[in-house]
$ cat input26.cif   # mmCIF, C-alpha atoms
data_coords
loop_
_atom_site.label_atom_id
_atom_site.label_comp_id
_atom_site.auth_asym_id
_atom_site.auth_seq_id
_atom_site.Cartn_x
_atom_site.Cartn_y
_atom_site.Cartn_z
CA MET A 1373 -28.04 7.60 55.47
CA PRO A 1374 -31.15 7.65 53.23
CA GLU A 1375 -32.43 11.02 52.07
CA ASP A 1376 -35.41 10.89 54.45
CA ARG A 1377 -33.08 10.43 57.44
CA ASP A 1378 -31.13 13.65 57.10
CA PHE A 1379 -30.46 16.22 59.81
CA ARG A 1380 -31.63 19.80 60.12
CA VAL A 1381 -29.16 22.52 61.04
CA VAL A 1382 -31.15 25.52 62.26
CA GLY A 1383 -29.51 28.91 62.56
CA VAL A 1384 -28.60 32.13 60.80
CA GLY A 1385 -25.65 32.79 58.54
CA ALA A 1386 -24.70 35.82 60.62
CA SER A 1387 -23.95 33.55 63.59
CA PRO A 1388 -20.29 32.45 63.81
CA TYR A 1389 -21.39 29.26 65.55
CA THR A 1390 -23.90 28.50 62.79
CA ARG A 1391 -21.10 28.97 60.26
CA LYS A 1392 -18.91 26.65 62.32
CA LEU A 1393 -21.47 23.84 62.44
CA ARG A 1394 -22.61 24.20 58.83
CA ALA A 1395 -19.06 24.15 57.47
CA ALA A 1396 -18.15 21.15 59.66
CA ALA A 1397 -21.22 19.26 58.42
CA ARG A 1398 -20.26 20.02 54.82
CA PHE A 1399 -16.73 18.74 55.42
CA ARG A 1400 -18.19 15.61 57.00
CA ARG A 1401 -20.39 15.14 53.88
CA LEU A 1402 -23.36 14.66 56.17
CA PRO A 1403 -26.91 14.59 54.82
CA PHE A 1404 -28.34 17.78 56.26
CA ARG A 1405 -30.61 20.63 55.34
CA PHE A 1406 -29.95 24.15 56.54
CA VAL A 1407 -33.06 25.85 57.93
CA VAL A 1408 -33.14 29.58 58.62
CA ALA A 1409 -34.14 30.34 62.20
CA GLY A 1410 -37.55 31.95 62.47
CA SER A 1411 -38.79 30.53 59.17
CA LYS A 1412 -41.95 28.46 58.91
CA GLU A 1413 -39.73 25.41 58.33
CA ALA A 1414 -37.87 26.08 61.58
CA ASN A 1415 -41.08 26.71 63.49
CA ALA A 1416 -42.42 23.33 62.38
CA LEU A 1417 -39.47 21.52 63.98
CA PRO A 1418 -39.28 20.45 67.65
CA ALA A 1419 -38.42 23.29 70.00
CA ARG A 1420 -34.96 23.53 71.53
CA SER A 1421 -34.43 23.73 75.28
CA LEU A 1422 -31.75 26.45 75.13
CA PRO A 1423 -32.13 29.76 73.24
CA LEU A 1424 -28.98 29.16 71.22
CA PHE A 1425 -28.09 29.21 67.54
CA PRO A 1426 -27.35 26.93 65.89
CA TYR A 1427 -29.19 23.82 66.98
CA LEU A 1428 -29.46 20.42 65.38
CA VAL A 1429 -32.58 18.33 64.87
CA ALA A 1430 -31.74 14.69 64.23
CA PRO A 1431 -33.88 11.70 63.25
CA ASP A 1432 -34.67 8.99 65.76
CA ALA A 1433 -34.56 5.26 64.99
CA ASP A 1434 -37.87 5.56 63.12
CA GLY A 1435 -36.68 8.49 61.03
CA ALA A 1436 -38.77 11.09 62.83
CA LEU A 1437 -37.07 14.42 63.55
CA THR A 1438 -37.33 14.34 67.33
CA GLN A 1439 -33.78 14.64 68.71
CA VAL A 1440 -32.75 18.23 69.41
CA GLN A 1441 -29.14 19.10 70.20
CA SER A 1442 -27.87 22.55 71.25
CA ASP A 1443 -24.39 24.08 71.60
CA SER A 1444 -21.97 23.62 68.72
CA THR A 1445 -19.27 21.63 70.56
CA PRO A 1446 -21.62 18.93 71.91
CA ILE A 1447 -23.35 18.87 68.52
CA LEU A 1448 -20.07 18.06 66.75
CA THR A 1449 -19.40 15.29 69.28
CA PHE A 1450 -22.92 13.93 68.77
CA LEU A 1451 -22.44 13.89 65.00
CA ASP A 1452 -19.11 12.05 65.30
CA GLU A 1453 -20.85 9.41 67.42
CA ALA A 1454 -23.96 9.19 65.21
CA CYS A 1455 -22.09 9.11 61.88
CA PRO A 1456 -18.70 7.43 62.29
CA GLN A 1457 -17.53 7.89 58.70
CA ARG A 1458 -15.10 10.73 57.91
CA LEU A 1459 -14.89 11.79 61.55
CA LEU A 1460 -14.11 15.37 62.44
CA ARG A 1461 -12.15 14.83 65.64
CA PRO A 1462 -8.83 12.90 65.68
CA ALA A 1463 -8.86 9.22 66.62
CA ASP A 1464 -5.66 9.80 68.63
CA ALA A 1465 -6.92 10.75 72.11
CA ALA A 1466 -4.08 13.20 72.83
CA LEU A 1467 -4.60 15.00 69.53
CA ARG A 1468 -8.33 15.04 70.22
CA LEU A 1469 -7.72 16.85 73.50
CA LEU A 1470 -5.61 19.46 71.72
CA ASP A 1471 -8.31 19.84 69.08
CA LEU A 1472 -10.86 20.45 71.86
CA LEU A 1473 -8.53 23.04 73.35
CA ILE A 1474 -8.19 24.92 70.05
CA GLU A 1475 -11.93 24.66 69.51
CA ASP A 1476 -12.58 26.25 72.89
CA TYR A 1477 -10.08 29.03 72.15
CA GLY A 1478 -11.92 29.81 68.91
CA ASP A 1479 -15.33 29.67 70.55
CA GLU A 1480 -14.47 31.51 73.75
CA TRP A 1481 -11.56 33.88 72.97
CA LEU A 1482 -11.78 34.73 69.27
CA SER A 1483 -15.45 35.37 70.02
CA LYS A 1484 -14.25 38.15 72.34
CA CYS A 1485 -12.34 39.64 69.43
CA MET A 1486 -15.40 39.41 67.18
CA PHE A 1487 -17.80 40.86 69.73
CA HIS A 1488 -15.39 43.63 70.74
CA TYR A 1489 -14.80 44.93 67.24
CA ARG A 1490 -18.41 44.55 66.15
CA TRP A 1491 -20.04 46.29 69.10
CA SER A 1492 -17.44 48.84 70.20
CA CYS A 1493 -16.26 50.19 66.83
CA ALA A 1494 -18.82 52.49 65.19
CA PRO A 1495 -18.30 51.38 61.54
CA ASP A 1496 -18.61 47.73 62.51
CA THR A 1497 -21.68 48.32 64.67
CA GLU A 1498 -23.33 50.31 61.90
CA ARG A 1499 -22.70 47.63 59.29
CA ALA A 1500 -23.65 44.64 61.41
CA SER A 1501 -26.80 46.13 62.91
CA ALA A 1502 -27.93 47.34 59.48
CA TYR A 1503 -28.06 43.90 57.89
CA LEU A 1504 -28.69 41.56 60.81
CA PRO A 1505 -32.49 42.15 61.04
CA TYR A 1506 -32.89 40.93 57.46
CA THR A 1507 -31.17 37.61 58.13
CA THR A 1508 -34.34 36.27 59.74
CA ALA A 1509 -36.93 38.66 58.25
CA MET A 1510 -35.89 39.24 54.65
CA GLN A 1511 -39.10 40.93 53.52
CA ILE A 1512 -39.63 43.50 56.27
CA ALA A 1513 -40.05 47.12 55.20
CA PRO A 1514 -36.92 49.31 55.30
CA GLU A 1515 -38.28 51.49 58.12
CA LEU A 1516 -38.89 48.40 60.25
CA GLY A 1517 -35.39 47.21 59.39
CA VAL A 1518 -33.95 50.46 60.71
CA GLN A 1519 -35.94 50.13 63.94
CA ALA A 1520 -34.89 46.52 64.37
CA ALA A 1521 -31.26 47.43 63.70
CA ALA A 1522 -31.28 50.00 66.50
CA GLY A 1523 -32.88 47.55 68.92
CA PHE A 1524 -30.50 44.75 67.98
CA ALA A 1525 -27.44 46.98 68.40
CA ALA A 1526 -28.64 48.19 71.81
CA ARG A 1527 -29.23 44.62 72.98
CA GLN A 1528 -25.82 43.40 71.85
CA ILE A 1529 -23.96 46.41 73.25
CA SER A 1530 -25.66 45.76 76.61
CA ARG A 1531 -23.95 42.34 76.69
CA ILE A 1532 -20.44 43.71 76.20
CA GLY A 1533 -19.70 43.47 79.92
CA VAL A 1534 -20.29 39.71 79.98
CA VAL A 1535 -18.22 39.12 76.86
CA GLY A 1536 -15.38 41.19 78.29
CA SER A 1537 -15.02 44.18 76.00
CA ASN A 1538 -14.47 47.51 77.72
CA ALA A 1539 -12.03 50.41 77.77
CA MET A 1540 -9.61 48.44 79.94
CA THR A 1541 -9.69 45.16 78.03
CA GLY A 1542 -10.04 46.51 74.49
CA PRO A 1543 -6.30 47.05 73.86
CA VAL A 1544 -5.53 43.53 75.12
CA ILE A 1545 -8.15 42.02 72.80
CA GLU A 1546 -6.98 44.01 69.78
CA ALA A 1547 -3.31 43.14 70.36
CA SER A 1548 -4.26 39.46 70.66
CA TRP A 1549 -6.14 39.55 67.33
CA ARG A 1550 -3.07 40.92 65.54
CA ARG A 1551 -0.75 38.36 67.16
CA PHE A 1552 -3.13 35.52 66.35
CA LEU A 1553 -3.05 36.52 62.69
CA GLU A 1554 0.75 36.56 62.76
CA VAL A 1555 1.12 33.07 64.26
CA PHE A 1556 -1.79 31.76 62.16
CA ASP A 1557 -0.15 33.00 58.95
CA ALA A 1558 3.21 31.48 59.86
CA HIS A 1559 1.61 28.17 60.84
CA LEU A 1560 -0.34 27.87 57.59
CA GLN A 1561 2.88 28.17 55.63
CA ASN A 1562 3.75 24.69 57.01
CA GLN A 1563 0.36 23.02 56.59
CA PRO A 1564 -3.14 23.99 55.45
CA PHE A 1565 -4.92 23.48 58.78
CA LEU A 1566 -4.20 23.94 62.47
CA LEU A 1567 -3.53 20.25 63.21
CA GLY A 1568 -2.15 19.13 59.89
CA ARG A 1569 -3.41 18.49 56.37
CA ARG A 1570 -7.03 18.11 57.45
CA PRO A 1571 -9.34 20.31 59.53
CA GLY A 1572 -10.49 19.49 63.04
CA ALA A 1573 -13.16 21.06 65.20
CA GLY A 1574 -10.64 23.73 66.20
CA ASP A 1575 -10.34 24.89 62.60
CA PHE A 1576 -14.08 25.27 62.26
CA ALA A 1577 -14.38 27.10 65.59
CA CYS A 1578 -11.77 29.63 64.45
CA TYR A 1579 -13.32 29.77 60.99
CA GLY A 1580 -16.75 30.65 62.42
CA GLN A 1581 -15.43 33.71 64.24
CA MET A 1582 -13.17 34.63 61.32
CA THR A 1583 -16.10 34.82 58.90
CA MET A 1584 -16.94 38.01 60.79
CA LEU A 1585 -13.44 39.13 61.77
CA VAL A 1586 -11.88 38.67 58.34
CA ILE A 1587 -14.76 39.02 55.88
CA THR A 1588 -17.76 41.04 57.08
CA ASP A 1589 -16.59 43.49 59.77
CA PRO A 1590 -14.42 46.34 58.46
CA THR A 1591 -12.10 47.12 61.39
CA PRO A 1592 -10.73 43.63 62.17
CA ALA A 1593 -10.81 42.79 58.45
CA ALA A 1594 -8.51 45.73 57.76
CA VAL A 1595 -6.07 44.35 60.34
CA ALA A 1596 -6.33 40.91 58.75
CA PHE A 1597 -5.53 42.22 55.28
CA GLU A 1598 -2.58 44.13 56.67
CA VAL A 1599 -1.16 41.18 58.58
CA SER A 1600 -2.38 38.11 56.70
CA PRO A 1601 -4.29 38.19 53.39
CA ARG A 1602 -3.83 34.42 53.64
CA ALA A 1603 -6.39 34.47 56.47
CA TYR A 1604 -9.09 35.68 54.08
CA ALA A 1605 -8.29 32.94 51.56
CA TRP A 1606 -8.30 30.29 54.31
CA THR A 1607 -11.60 31.48 55.75
CA GLU A 1608 -13.27 31.53 52.36
CA ARG A 1609 -11.95 28.04 51.57
CA CYS A 1610 -13.27 26.57 54.83
CA GLU A 1611 -16.84 27.45 53.82
CA ASP A 1612 -17.06 24.13 51.97
CA LEU A 1613 -14.37 21.46 52.32
CA SER A 1614 -16.57 18.59 51.17
CA GLY A 1615 -14.23 17.96 48.23
CA LEU A 1616 -11.14 17.49 50.41
CA ASP A 1617 -9.95 13.88 50.63
CA VAL A 1618 -8.45 13.09 54.04
CA SER A 1619 -7.03 10.25 56.11
CA GLU A 1620 -5.90 9.74 59.70
CA GLY A 1621 -2.34 10.15 58.48
CA ASP A 1622 -3.04 13.80 57.73
CA TRP A 1623 -2.82 14.88 61.38
CA ILE A 1624 0.44 16.36 62.70
CA ASP A 1625 2.97 14.14 64.39
CA LEU A 1626 2.40 15.00 68.03
CA GLU A 1627 5.88 13.78 68.94
CA ASP A 1628 7.43 16.24 66.47
CA PRO A 1629 5.01 19.13 65.88
CA PRO A 1630 6.13 22.20 63.92
CA GLU A 1631 7.43 25.13 65.95
CA THR A 1632 4.64 27.26 64.56
CA PHE A 1633 2.15 25.01 66.36
CA ARG A 1634 3.90 25.75 69.63
CA ALA A 1635 3.68 29.47 68.77
CA LEU A 1636 -0.08 29.10 68.36
CA LEU A 1637 -0.39 27.38 71.73
CA THR A 1638 1.80 30.06 73.32
CA GLU A 1639 -0.53 32.77 72.04
CA MET A 1640 -3.46 30.84 73.50
CA GLY A 1641 -1.59 30.50 76.79
CA ARG A 1642 -0.85 34.22 76.80
CA VAL A 1643 -4.46 35.42 76.83
CA TYR A 1644 -7.09 32.68 76.75
CA ALA A 1645 -5.67 30.47 79.53
CA PRO A 1646 -5.29 33.18 82.21
CA PHE A 1647 -8.77 34.46 81.47
CA MET A 1648 -10.37 31.01 81.69
CA LEU A 1649 -8.67 30.36 85.03
CA ALA A 1650 -9.58 33.75 86.50
CA ASN A 1651 -13.16 33.49 85.27
CA ALA A 1652 -13.61 30.00 86.73
CA ASP A 1653 -12.22 31.20 90.04
CA ALA A 1654 -14.58 34.19 90.10
CA VAL A 1655 -17.58 31.99 89.29
CA ALA A 1656 -16.60 29.49 92.00
CA ARG A 1657 -16.30 32.27 94.59
CA GLY A 1658 -19.48 34.01 93.51
CA ALA A 1659 -17.47 37.16 92.81
CA GLU A 1660 -19.14 40.07 91.03
CA GLN A 1661 -16.13 40.71 88.81
CA VAL A 1662 -13.30 38.81 87.14
CA ILE A 1663 -10.20 40.76 88.11
CA CYS A 1664 -6.84 39.56 86.84
CA GLU A 1665 -3.86 40.41 84.66
CA ILE A 1666 -3.63 39.27 81.04
CA ASP A 1667 -0.52 39.88 78.93
CA GLY A 1668 0.81 42.20 81.61
CA GLN A 1669 -2.29 44.40 81.50
CA PRO A 1670 -5.17 44.68 83.97
CA TRP A 1671 -8.36 42.85 83.04
CA ARG A 1672 -11.82 43.30 84.52
CA GLN A 1673 -15.17 41.96 83.35
CA ASP A 1674 -18.36 40.29 84.52
CA PRO A 1675 -18.04 36.55 85.26
CA PHE A 1676 -19.23 34.22 82.53
CA VAL A 1677 -20.70 31.00 83.97
CA TYR A 1678 -20.76 29.16 80.65
CA GLN A 1679 -17.01 29.63 80.16
CA ALA A 1680 -16.38 28.17 83.62
CA LYS A 1681 -18.28 25.10 82.39
CA CYS A 1682 -16.08 25.02 79.29
CA LEU A 1683 -12.97 24.81 81.45
CA ARG A 1684 -14.52 22.04 83.53
CA TRP A 1685 -15.34 20.07 80.37
CA LEU A 1686 -11.77 20.46 79.10
CA ARG A 1687 -10.38 19.23 82.41
CA GLU A 1688 -12.74 16.27 82.40
CA ALA A 1689 -11.54 15.34 78.90
CA TYR A 1690 -7.93 15.67 80.07
CA LEU A 1691 -8.52 13.43 83.11
CA ALA A 1692 -10.22 10.84 80.89
CA LEU A 1693 -6.93 10.34 78.99
CA THR A 1694 -4.66 7.45 79.82
CA PRO A 1695 -1.51 8.39 81.76
CA THR A 1696 0.50 7.91 78.56
CA ASP A 1697 -1.69 10.27 76.55
CA ARG A 1698 -1.74 12.85 79.36
CA GLY A 1699 2.04 12.76 79.26
CA ARG A 1700 2.01 13.35 75.50
CA VAL A 1701 -0.32 16.33 75.92
CA ASP A 1702 1.77 17.69 78.80
CA ALA A 1703 4.93 17.50 76.69
CA VAL A 1704 3.35 19.60 73.93
CA LEU A 1705 1.79 22.17 76.28
CA ALA A 1706 4.82 22.58 78.57
CA GLY A 1707 5.96 26.20 78.67
CA THR A 1708 3.15 27.52 76.44
CA GLY A 1709 0.94 28.75 79.27
CA CYS A 1710 -1.83 26.37 78.26
CA GLU A 1711 -0.52 23.77 80.70
CA THR A 1712 -1.87 25.94 83.54
CA LEU A 1713 -5.41 25.02 82.49
CA PHE A 1714 -4.85 21.46 83.69
CA VAL A 1715 -2.82 22.01 86.84
CA GLY A 1716 -4.68 20.39 89.70
CA ALA A 1717 -7.33 19.00 87.33
#
$ encode --input "input26.cif" --output "structure tokens"
Amino acid sequence: MPEDRDFRVVGVGASPYTRKLRAAARFRRLPFRFVVAGSKEANALPARSLPLFPYLVAPDADGALTQVQSDSTPILTFLDEACPQRLLRPADAALRLLDLLIEDYGDEWLSKCMFHYRWSCAPDTERASAYLPYTTAMQIAPELGVQAAAGFAARQISRIGVVGSNAMTGPVIEASWRRFLEVFDAHLQNQPFLLGRRPGAGDFACYGQMTMLVITDPTPAAVAFEVSPRAYAWTERCEDLSGLDVSEGDWIDLEDPPETFRALLTEMGRVYAPFMLANADAVARGAEQVICEIDGQPWRQDPFVYQAKCLRWLREAYLALTPTDRGRVDAVLAGTGCETLFVGA
């Protein structure tokens, strides 16, 4: 693509989803420019319809920056369709479904871990709220930064109920973070990425949350260094994988995946799957609370409509598979707990 036909990725570096999209675009070797949200450059671009970071502004057929895309998962799909070289998602449809599943786990469960530690642990809240105002307003006076930090922390803490962090759920979330690090570390001893010798969207979804969980926020980072120093090295490496040469042969053999991959899916089936099902049920019934059991412990939180949509999108992708590919996916998921996501789909 010529230089005047590049994309704009608009966001803030403190956003895990911005990190996800920016790192994926670097791996793809796409022609893009990163624009800080709130800057005069960002304000000159077309407005987005959803108040989400990041968002993508793409050129139309005439080269004008008119196409606005929101939500990191649809953005990655759009980029695969718009720029078919060095694709992010697997060509194998069954593998692509599993990549979507891992991506959703990173986006929707590891985000619970990130949000929980950041906004319920005092050292993490103090650190995050102290620097976040400057990510979009670098030159504000220190006293204004302190005021903005307090306001930002109050706003984020007020959202804890929707994300699912509370006194009841906190121990479940923290135990899941430690177990994820254990299975992640074991899996990476077989291969450098979650689905083989090349990253997929699932890697970048996990990476985005792990930039906070492993690098910037002290409490989950301390757990990470205790359990898996490898996780820090992996997260730092994923920042820019543009130099990695890859081929379709670098994906795992779905007919003979490593046992550590099954362990990863089992961890996902232990916590993420039962939550997604209970949340979707609560949203469908118009219930005021999601009430269920996760990992043998009681779980209660506000329903999250967006995550019900995520489950619907996963099921639609599953149903779009051929019977043969659905069978291949079923064989891998059987007994992990993740298969429950697609029962009755």
$ resolve_selection --input "input26.cif" --expression "the PyMOL selection byres ((chain A and resi 1534) around 12)" --output "list in words"
Glu1480, Ser1483, Lys1484, Phe1487, His1488, Gln1528, Ile1529, Ser1530, Arg1531, Ile1532, Gly1533, Val1535, Gly1536, Ser1537, Asn1538, Asn1651, Glu1660, Gln1661, Val1662, Arg1672, Gln1673, Asp1674, Pro1675, Phe1676, Val1677, Tyr1678 and Gln1679 of chain A
$ atom_distance --input "input26.cif" --atom1 "atom CA of A:Gly1580" --atom2 "atom CA of A:Arg1391"
5.1 Å
$ closest_residue --input "input26.cif" --among "A:Glu1631, A:Val1655, A:Arg1398, A:Arg1569" --to "A:Arg1684" --atoms "only C-alpha atoms"
A:Val1655
$ resolve_selection --input "input26.cif" --expression "the PyMOL selection byres ((chain A and resi 1524) around 12)" --output "list in words"
Trp1491, Thr1497, Glu1498, Ala1500, Ser1501, Ala1502, Tyr1503, Leu1504, Pro1505, Tyr1506, Leu1516, Gly1517, Val1518, Gln1519, Ala1520, Ala1521, Ala1522, Gly1523, Ala1525, Ala1526, Arg1527, Gln1528, Ile1529, Ser1530 and Arg1531 of chain A
$ write_last_selection --input "input26.cif" --atoms "C-alpha atoms" --output "mmCIF file, in the frame of the given file"
data_model
loop_
_atom_site.group_PDB
_atom_site.id
_atom_site.type_symbol
_atom_site.label_atom_id
_atom_site.label_comp_id
_atom_site.auth_asym_id
_atom_site.auth_seq_id
_atom_site.Cartn_x
_atom_site.Cartn_y
_atom_site.Cartn_z
ATOM 1 C CA TRP A 1491 -20.040 46.290 69.100
ATOM 2 C CA THR A 1497 -21.680 48.320 64.670
ATOM 3 C CA GLU A 1498 -23.330 50.310 61.900
ATOM 4 C CA ALA A 1500 -23.650 44.640 61.410
ATOM 5 C CA SER A 1501 -26.800 46.130 62.910
ATOM 6 C CA ALA A 1502 -27.930 47.340 59.480
ATOM 7 C CA TYR A 1503 -28.060 43.900 57.890
ATOM 8 C CA LEU A 1504 -28.690 41.560 60.810
ATOM 9 C CA PRO A 1505 -32.490 42.150 61.040
ATOM 10 C CA TYR A 1506 -32.890 40.930 57.460
ATOM 11 C CA LEU A 1516 -38.890 48.400 60.250
ATOM 12 C CA GLY A 1517 -35.390 47.210 59.390
ATOM 13 C CA VAL A 1518 -33.950 50.460 60.710
ATOM 14 C CA GLN A 1519 -35.940 50.130 63.940
ATOM 15 C CA ALA A 1520 -34.890 46.520 64.370
ATOM 16 C CA ALA A 1521 -31.260 47.430 63.700
ATOM 17 C CA ALA A 1522 -31.280 50.000 66.500
ATOM 18 C CA GLY A 1523 -32.880 47.550 68.920
ATOM 19 C CA ALA A 1525 -27.440 46.980 68.400
ATOM 20 C CA ALA A 1526 -28.640 48.190 71.810
ATOM 21 C CA ARG A 1527 -29.230 44.620 72.980
ATOM 22 C CA GLN A 1528 -25.820 43.400 71.850
ATOM 23 C CA ILE A 1529 -23.960 46.410 73.250
ATOM 24 C CA SER A 1530 -25.660 45.760 76.610
ATOM 25 C CA ARG A 1531 -23.950 42.340 76.690
#
$ atom_distance --input "input26.cif" --atom1 "atom CA of A:Pro1462" --atom2 "atom CA of A:Pro1571"
9.6 Å
$ residues_near_point --input "input26.cif" --point "(-3.2, 28.9, 70.1)" --cutoff "10 Å" --atoms "only C-alpha atoms" --output "list of chain:residue names"
A:Leu1470, A:Leu1473, A:Ile1474, A:Glu1475, A:Tyr1477, A:Gly1478, A:Phe1552, A:Val1555, A:Phe1556, A:Leu1566, A:Gly1574, A:Thr1632, A:Phe1633, A:Arg1634, A:Ala1635, A:Leu1636, A:Leu1637, A:Thr1638, A:Glu1639, A:Met1640, A:Gly1641, A:Arg1642, A:Val1643, A:Tyr1644, A:Ala1645, A:Thr1708, A:Cys1710
$ residues_around --input "input26.cif" --residues "A:Phe1450" --least-positions-apart "4" --cutoff "12 Å" --atoms "only C-alpha atoms" --output "number ranges by chain"
A: 1379, 1393, 1397, 1427-1430, 1439-1446, 1454-1456, 1459-1461
$ resolve_selection --input "input26.cif" --expression "the PyMOL selection byres ((chain A and resi 1418) around 8)" --output "ChimeraX atom specification"
/A:1415-1417,1419-1420,1429,1437-1438,1440
$ residues_around --input "input26.cif" --residues "A:Met1584" --least-positions-apart "4" --cutoff "8 Å" --atoms "all atoms listed in the file" --output "mmCIF file with C-alpha atoms, in the coordinates of the input"
data_model
loop_
_atom_site.group_PDB
_atom_site.id
_atom_site.type_symbol
_atom_site.label_atom_id
_atom_site.label_comp_id
_atom_site.auth_asym_id
_atom_site.auth_seq_id
_atom_site.Cartn_x
_atom_site.Cartn_y
_atom_site.Cartn_z
ATOM 1 C CA PRO A 1388 -20.290 32.450 63.810
ATOM 2 C CA MET A 1486 -15.400 39.410 67.180
ATOM 3 C CA GLY A 1580 -16.750 30.650 62.420
ATOM 4 C CA THR A 1588 -17.760 41.040 57.080
ATOM 5 C CA ASP A 1589 -16.590 43.490 59.770
#
$ build_atoms --input "input26.cif" --residues "stretch 1615-1631 of chain A" --atoms "N, CA and C atoms" --output "mmCIF file, in the coordinates of the input"
data_model
loop_
_atom_site.group_PDB
_atom_site.id
_atom_site.type_symbol
_atom_site.label_atom_id
_atom_site.label_comp_id
_atom_site.auth_asym_id
_atom_site.auth_seq_id
_atom_site.Cartn_x
_atom_site.Cartn_y
_atom_site.Cartn_z
ATOM 1 N N GLY A 1615 -15.027 18.604 49.284
ATOM 2 C CA GLY A 1615 -14.230 17.960 48.230
ATOM 3 C C GLY A 1615 -12.845 17.546 48.669
ATOM 4 N N LEU A 1616 -12.480 17.809 49.937
ATOM 5 C CA LEU A 1616 -11.140 17.490 50.410
ATOM 6 C C LEU A 1616 -11.064 16.022 50.833
ATOM 7 N N ASP A 1617 -10.160 15.276 50.239
ATOM 8 C CA ASP A 1617 -9.950 13.880 50.630
ATOM 9 C C ASP A 1617 -8.948 13.847 51.791
ATOM 10 N N VAL A 1618 -9.275 13.099 52.833
ATOM 11 C CA VAL A 1618 -8.450 13.090 54.040
ATOM 12 C C VAL A 1618 -8.272 11.673 54.558
ATOM 13 N N SER A 1619 -7.265 11.521 55.425
ATOM 14 C CA SER A 1619 -7.030 10.250 56.110
ATOM 15 C C SER A 1619 -6.498 10.560 57.500
ATOM 16 N N GLU A 1620 -6.431 9.540 58.352
ATOM 17 C CA GLU A 1620 -5.900 9.740 59.700
ATOM 18 C C GLU A 1620 -4.427 10.128 59.664
ATOM 19 N N GLY A 1621 -3.743 9.788 58.596
ATOM 20 C CA GLY A 1621 -2.340 10.150 58.480
ATOM 21 C C GLY A 1621 -2.101 11.619 58.209
ATOM 22 N N ASP A 1622 -3.176 12.375 58.045
ATOM 23 C CA ASP A 1622 -3.040 13.800 57.730
ATOM 24 C C ASP A 1622 -2.874 14.673 58.973
ATOM 25 N N TRP A 1623 -3.023 14.088 60.173
ATOM 26 C CA TRP A 1623 -2.820 14.880 61.380
ATOM 27 C C TRP A 1623 -1.321 15.092 61.623
ATOM 28 N N ILE A 1624 -0.969 16.111 62.381
ATOM 29 C CA ILE A 1624 0.440 16.360 62.700
ATOM 30 C C ILE A 1624 0.983 15.221 63.569
ATOM 31 N N ASP A 1625 2.281 15.078 63.518
ATOM 32 C CA ASP A 1625 2.970 14.140 64.390
ATOM 33 C C ASP A 1625 3.137 14.811 65.748
ATOM 34 N N LEU A 1626 2.405 14.347 66.735
ATOM 35 C CA LEU A 1626 2.400 15.000 68.030
ATOM 36 C C LEU A 1626 3.753 14.899 68.732
ATOM 37 N N GLU A 1627 4.548 13.913 68.352
ATOM 38 C CA GLU A 1627 5.880 13.780 68.940
ATOM 39 C C GLU A 1627 6.888 14.721 68.286
ATOM 40 N N ASP A 1628 6.530 15.312 67.149
ATOM 41 C CA ASP A 1628 7.430 16.240 66.470
ATOM 42 C C ASP A 1628 6.612 17.318 65.759
ATOM 43 N N PRO A 1629 5.856 18.112 66.517
ATOM 44 C CA PRO A 1629 5.010 19.130 65.880
ATOM 45 C C PRO A 1629 5.851 20.305 65.391
ATOM 46 N N PRO A 1630 5.369 21.032 64.398
ATOM 47 C CA PRO A 1630 6.130 22.200 63.920
ATOM 48 C C PRO A 1630 6.209 23.279 65.002
ATOM 49 N N GLU A 1631 7.266 24.064 64.962
ATOM 50 C CA GLU A 1631 7.430 25.130 65.950
ATOM 51 C C GLU A 1631 6.291 26.137 65.878
#
